[in-house]
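Beneath this line is the structure, given in structure tokens, with notes to follow.
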Amino acid sequence: MHITDIMQGNSPTFSFEFFPPRTPEAADTLYRTIRDLESYMPDFVDPIPHLTCICHNEEEIEAVLLRYAKSAIGNILALGGDRPTGMAYDQSRDSFRHAIDLVKFIRRFNDSGAHPDRRGFGIGVAGFPEGHPTTPNRLLEMDYFRAKVHAGADYIITQLFFDNDDFLDFRERCALAGIHIPIIAGIMPITSIGGLKRMAELAGGARFPAKLLRALQHCQDDPDMVRRVGIQYALEQCHGLLENDVAGIHFYTLNRSDATRLIFDSLGIRRDRNPEA
Ligand SMILES: Cc1cc2nc3c(=O)[nH]c(=O)nc-3n(C[C@H](O)[C@H](O)[C@H](O)COP(=O)(O)OP(=O)(O)OC[C@H]3O[C@@H](n4cnc5c(N)ncnc54)[C@H](O)[C@@H]3O)c2cc1C
């Protein structure tokens with residue numbers, strides 16, 4: 001099933017992102033989190049592979065796509081990918097430079113009929129409401145983005161953001177650029193100061209508004225208060241997005257369930273709204 005099929009029946013959608021665990025302990029945490037969140041009946045969770053251009057040549061990408069198709073994976077998030085750190089990396093080995101090249105390649109693969117769904121994979125791409133750091137020229141960036149979407153993307157999932165105005169403005173700029181596919185908002189509740197700092201590093205260029213920083217400063221490093229403030233902030237973001245007819249909200253769970261559960265409960269989302277998901 002394509003994400004866009006799900007979106008047609010349920011809008012806005014609610015979805016959770018998990019990442020592959022690296023240790024047996026992390027795997028236990030993930031399975032516990034999945035069990036905790038199961039009852040919230042999300043519209044979808046990743047088994048959406050994140051396929052990046054990094055460290056792959058064309059033959060390898062094709063082999064990966066064949067494997068996914070045989071496993072009846074329905075959707076792929078096509079990404080440029082971040083340069084790996086802590087290992088030697090030779091970009092000249094990669095066949096594709098930008099996510100648009102992957103989108104085009106997956107489209108061609110879809111046309112080959114190798115996928116059990118005759119439409120092939122549904123294709124998602126990443127969007128950056130605050131702009132992507134490597135293209136500071138925002139007009140040029142939107143040109144690249146439009147080309148990527150028009151190469152055959154079905155939906156967009158955004159990078160996390162902490163100011164809804166950034167998302168709403170991005171959505172409007174997309175519409176002005178002729179981009180009319182669903183845009184799913186990526187939300188990550190802050191649950192610790194350490195997590196905030198990690199995010200500032202990982203989601204390079206993310207803007208932390210004064211309103212959020214002020215609220216965190218009032219917590220005076222009390223971890224429980226930080227968590228409460230972070231969750232309340234994300235909850236208010238979700239309310240604002242729903243009031244503005246967001247197509248979907250995607251929670252970056254970091255493989256933990258507590259913050260997402262609290263937000264879901266406070267939003268009052270009925271658990272039986274999507275019994276077939
Ligand atoms: C929802 C989501 C999930 C993610 N998951 C992962 C993951 O699993 N693994 C991972 O490594 N990273 C992940 N990332 C991070 C992402 O891969 C990086 O931020 C990457 O730098 C950009 O990815 P992209 O798909 O937007 O790349 P692209 O679309 O290729 O864009 C990257 C940069 O290149 C520029 N650009 C595009 N086309 C051109 C062109 N023709 N000429 C010059 N410049 C151009 C863009 O403006 C942008 O600045 C994720 C991001 C999001 C939002």
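Ordering of the structure tokens sets the chain letters (A, B, ...); residue numbers start at 1 within each chain; ligands are numbered from 1 in the order shown.
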
* Asked: range 161-176 of chain A: which residues within 8 Å, counting only C-alpha atoms, same-chain residues fewer than 5 positions away excluded, as JSON, numbers by chain?
  -> {"A": [128, 129, 130, 142, 146, 183, 185, 186, 187, 188, 206, 207, 208, 209, 212, 234, 237, 240, 241]}

Those residues you just picked out, can you put them in a file as a compact mmCIF listing (two decimals), in the first residue's frame with N, CA and C atoms?
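Result file follows (result_3.txt):
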```txt
# COMPACT_ATOMS: atom_id res chain seq x y z
N PHE A 128 12.60 20.62 3.87
CA PHE A 128 13.28 21.37 4.94
C PHE A 128 12.61 22.73 5.11
N PRO A 129 11.62 22.81 6.04
CA PRO A 129 10.88 24.07 6.20
C PRO A 129 11.78 25.27 6.47
N GLU A 130 12.89 25.06 7.17
CA GLU A 130 13.79 26.18 7.48
C GLU A 130 14.88 26.34 6.43
N MET A 142 14.58 26.13 -3.72
CA MET A 142 13.21 25.75 -4.09
C MET A 142 13.17 25.21 -5.53
N ARG A 146 11.66 21.65 -6.23
CA ARG A 146 10.56 21.43 -7.18
C ARG A 146 10.96 20.36 -8.21
N ILE A 183 2.21 17.18 2.33
CA ILE A 183 3.42 17.52 3.11
C ILE A 183 3.15 17.13 4.56
N ALA A 185 4.25 16.82 8.43
CA ALA A 185 5.12 17.61 9.32
C ALA A 185 5.88 16.69 10.27
N GLY A 186 7.19 16.83 10.34
CA GLY A 186 8.02 16.06 11.28
C GLY A 186 8.12 16.77 12.62
N ILE A 187 7.70 16.08 13.68
CA ILE A 187 7.71 16.71 15.02
C ILE A 187 8.58 15.88 15.96
N MET A 188 9.45 16.56 16.67
CA MET A 188 10.25 15.86 17.67
C MET A 188 10.17 16.56 19.02
N ALA A 206 18.86 23.72 12.28
CA ALA A 206 17.54 23.82 12.94
C ALA A 206 17.51 25.06 13.84
N ARG A 207 16.38 25.75 13.80
CA ARG A 207 16.24 27.00 14.54
C ARG A 207 15.50 26.72 15.84
N PHE A 208 16.04 27.21 16.94
CA PHE A 208 15.40 27.01 18.24
C PHE A 208 14.84 28.37 18.69
N PRO A 209 13.53 28.59 18.57
CA PRO A 209 12.97 29.91 18.84
C PRO A 209 13.15 30.33 20.29
N LEU A 212 10.87 28.83 22.95
CA LEU A 212 11.24 27.49 23.43
C LEU A 212 12.42 27.58 24.40
N ALA A 234 5.74 20.61 22.12
CA ALA A 234 5.40 19.80 20.93
C ALA A 234 3.88 19.65 20.80
N GLN A 237 2.53 22.67 19.28
CA GLN A 237 2.83 22.65 17.84
C GLN A 237 1.80 21.79 17.10
N GLY A 240 -1.51 23.51 16.76
CA GLY A 240 -1.44 24.56 15.73
C GLY A 240 -1.46 23.97 14.33
N LEU A 241 -0.78 22.86 14.15
CA LEU A 241 -0.74 22.23 12.81
C LEU A 241 -2.11 21.68 12.44
```

Which residues are near Leu213 in chain A? Cut-off 12 Å, only C-alpha atoms, ignore same chain within fewer than 3 positions. Put them as a PDB file with C-alpha atoms, in the first residue's frame.
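Writing the result to result01.pdb gives the following:
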```
ATOM      1  CA  PHE A 162      10.102  24.206  16.275  1.00  0.00           C
ATOM      2  CA  ILE A 190      12.426  17.657  23.321  1.00  0.00           C
ATOM      3  CA  ILE A 193      18.842  19.233  27.265  1.00  0.00           C
ATOM      4  CA  LEU A 196      18.287  19.270  22.348  1.00  0.00           C
ATOM      5  CA  LYS A 197      22.038  19.632  21.859  1.00  0.00           C
ATOM      6  CA  ARG A 207      16.237  27.003  14.544  1.00  0.00           C
ATOM      7  CA  PHE A 208      15.395  27.013  18.238  1.00  0.00           C
ATOM      8  CA  PRO A 209      12.972  29.908  18.839  1.00  0.00           C
ATOM      9  CA  ALA A 210      13.380  32.196  21.866  1.00  0.00           C
ATOM     10  CA  LEU A 216      13.644  25.582  28.897  1.00  0.00           C
ATOM     11  CA  GLN A 217      15.749  28.154  30.745  1.00  0.00           C
ATOM     12  CA  HIS A 218      13.027  28.420  33.403  1.00  0.00           C
ATOM     13  CA  CYS A 219      13.512  24.702  34.099  1.00  0.00           C
ATOM     14  CA  GLN A 220      16.964  25.376  35.577  1.00  0.00           C
ATOM     15  CA  VAL A 226      12.602  20.005  30.864  1.00  0.00           C
ATOM     16  CA  VAL A 229       8.120  21.725  28.935  1.00  0.00           C
ATOM     17  CA  GLY A 230       9.422  19.968  25.803  1.00  0.00           C
ATOM     18  CA  TYR A 233       5.768  22.661  23.427  1.00  0.00           C
TER      19      TYR A 233
END
```

* Could I get the residue neighbourhood of ligand 1 at 6 Å, counting only C-alpha atoms and all ligand atoms, as a VMD selection string? => chain A and resid 50 79 to 82 98 to 99 126 to 127 132 to 135 141 144 157 to 159

* Asked: If you count only C-alpha atoms, which residues fall within 8 Å of Leu102 in chain A, apart from same-chain ones fewer than 2 positions away, as a list in words?
  -> Thr52, Cys53, Ala78, Leu79, Phe96, His98, Ala99, Ile100, Lys104, Phe105 and Ile106 of chain A

* Looking only at helix (DSSP H, G or I) from DSSP on the backbone, list the matching residues of range 114-200 of chain A as an MDAnalysis selection string. => chainID A and resid 138:150 164:176 193:200

* Quick one: pull the distance between CA of Tyr155 in chain A and CA of Gly124 in chain A, Å, one decimal. => 4.9 Å

* **Separation of CA of Leu140 in chain A from CA of Gln91 in chain A, in Å and rounded to one decimal** =>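 It comes out at 23.2 Å.
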
* Contacts of His56 in chain A within 6 Å, only C-alpha atoms, excl. fewer than 2 positions in-chain, as a ChimeraX atom specification -> /A:54,60,94

Find the residues of range 42-148 of chain A that sit at most 9 Å from range 18-27 of chain A; for each, write down the nearest two atoms and how far apart they are in Å, to one decimal. Count only C-alpha atoms. Sort by chain, then by number going up, and give it as a tab-separated table.
```
residue	atom	partner	partner_atom	distance
A:Val45	CA	A:Phe18	CA	7.6
A:Asp46	CA	A:Phe18	CA	6.5
A:Pro47	CA	A:Phe18	CA	8.9
```

* **Among listed residues A:His115, A:Arg97, A:Arg107, A:Arg198, nearest Leu66 in chain A (using only C-alpha atoms)** =>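 Among the listed residues, A:His115 lies closest to Leu66 in chain A.
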
* Asked: CA of Ala203 in chain A and CA of Gly268 in chain A are how many Å apart?
  ->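 Computing it gives 29.5 Å between the two atoms.
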
* Asked: From the set A:Val246, A:Ala151, A:Leu37, A:Ile263, which residue has the shortest atom-to-atom contact distance to Ile184 in chain A, counting only C-alpha atoms?
  ->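 Between A:Val246, A:Ala151, A:Leu37, A:Ile263, the residue approaching Ile184 in chain A most closely is A:Val246.
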
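Taking only C-alpha atoms into account, Ile34 in chain A lies nearest to A:Ser15 out of the set A:Ser15, A:Asn10, A:Thr4, A:Asn75.
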
* To do: Between A:Asp101, A:Arg261, A:Gly131, A:Pro189, single out the one closest to His150 in chain A, counting only C-alpha atoms.
  =>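 Among A:Asp101, A:Arg261, A:Gly131, A:Pro189, it is A:Asp101 that comes nearest to His150 in chain A.
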
* Structure fact -> Nearest to Pro116 in chain A, restricted to only C-alpha atoms and choosing among A:Leu139, A:Met1, A:Val103, A:Ile181, comes out as A:Met1

* Name the residues of range 106-223 of chain A that fall into strand (DSSP E or B) according to DSSP on the backbone, using the chain letters and numbers of this document, as a VMD selection string. => chain A and resid 122 to 127 155 to 158 183 to 187

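Residue nearest Tyr31 in chain A within the list A:Asn255, A:Thr13, A:Leu262, A:Asp111: A:Asn255 [criterion: smallest interatomic distance, only C-alpha atoms].
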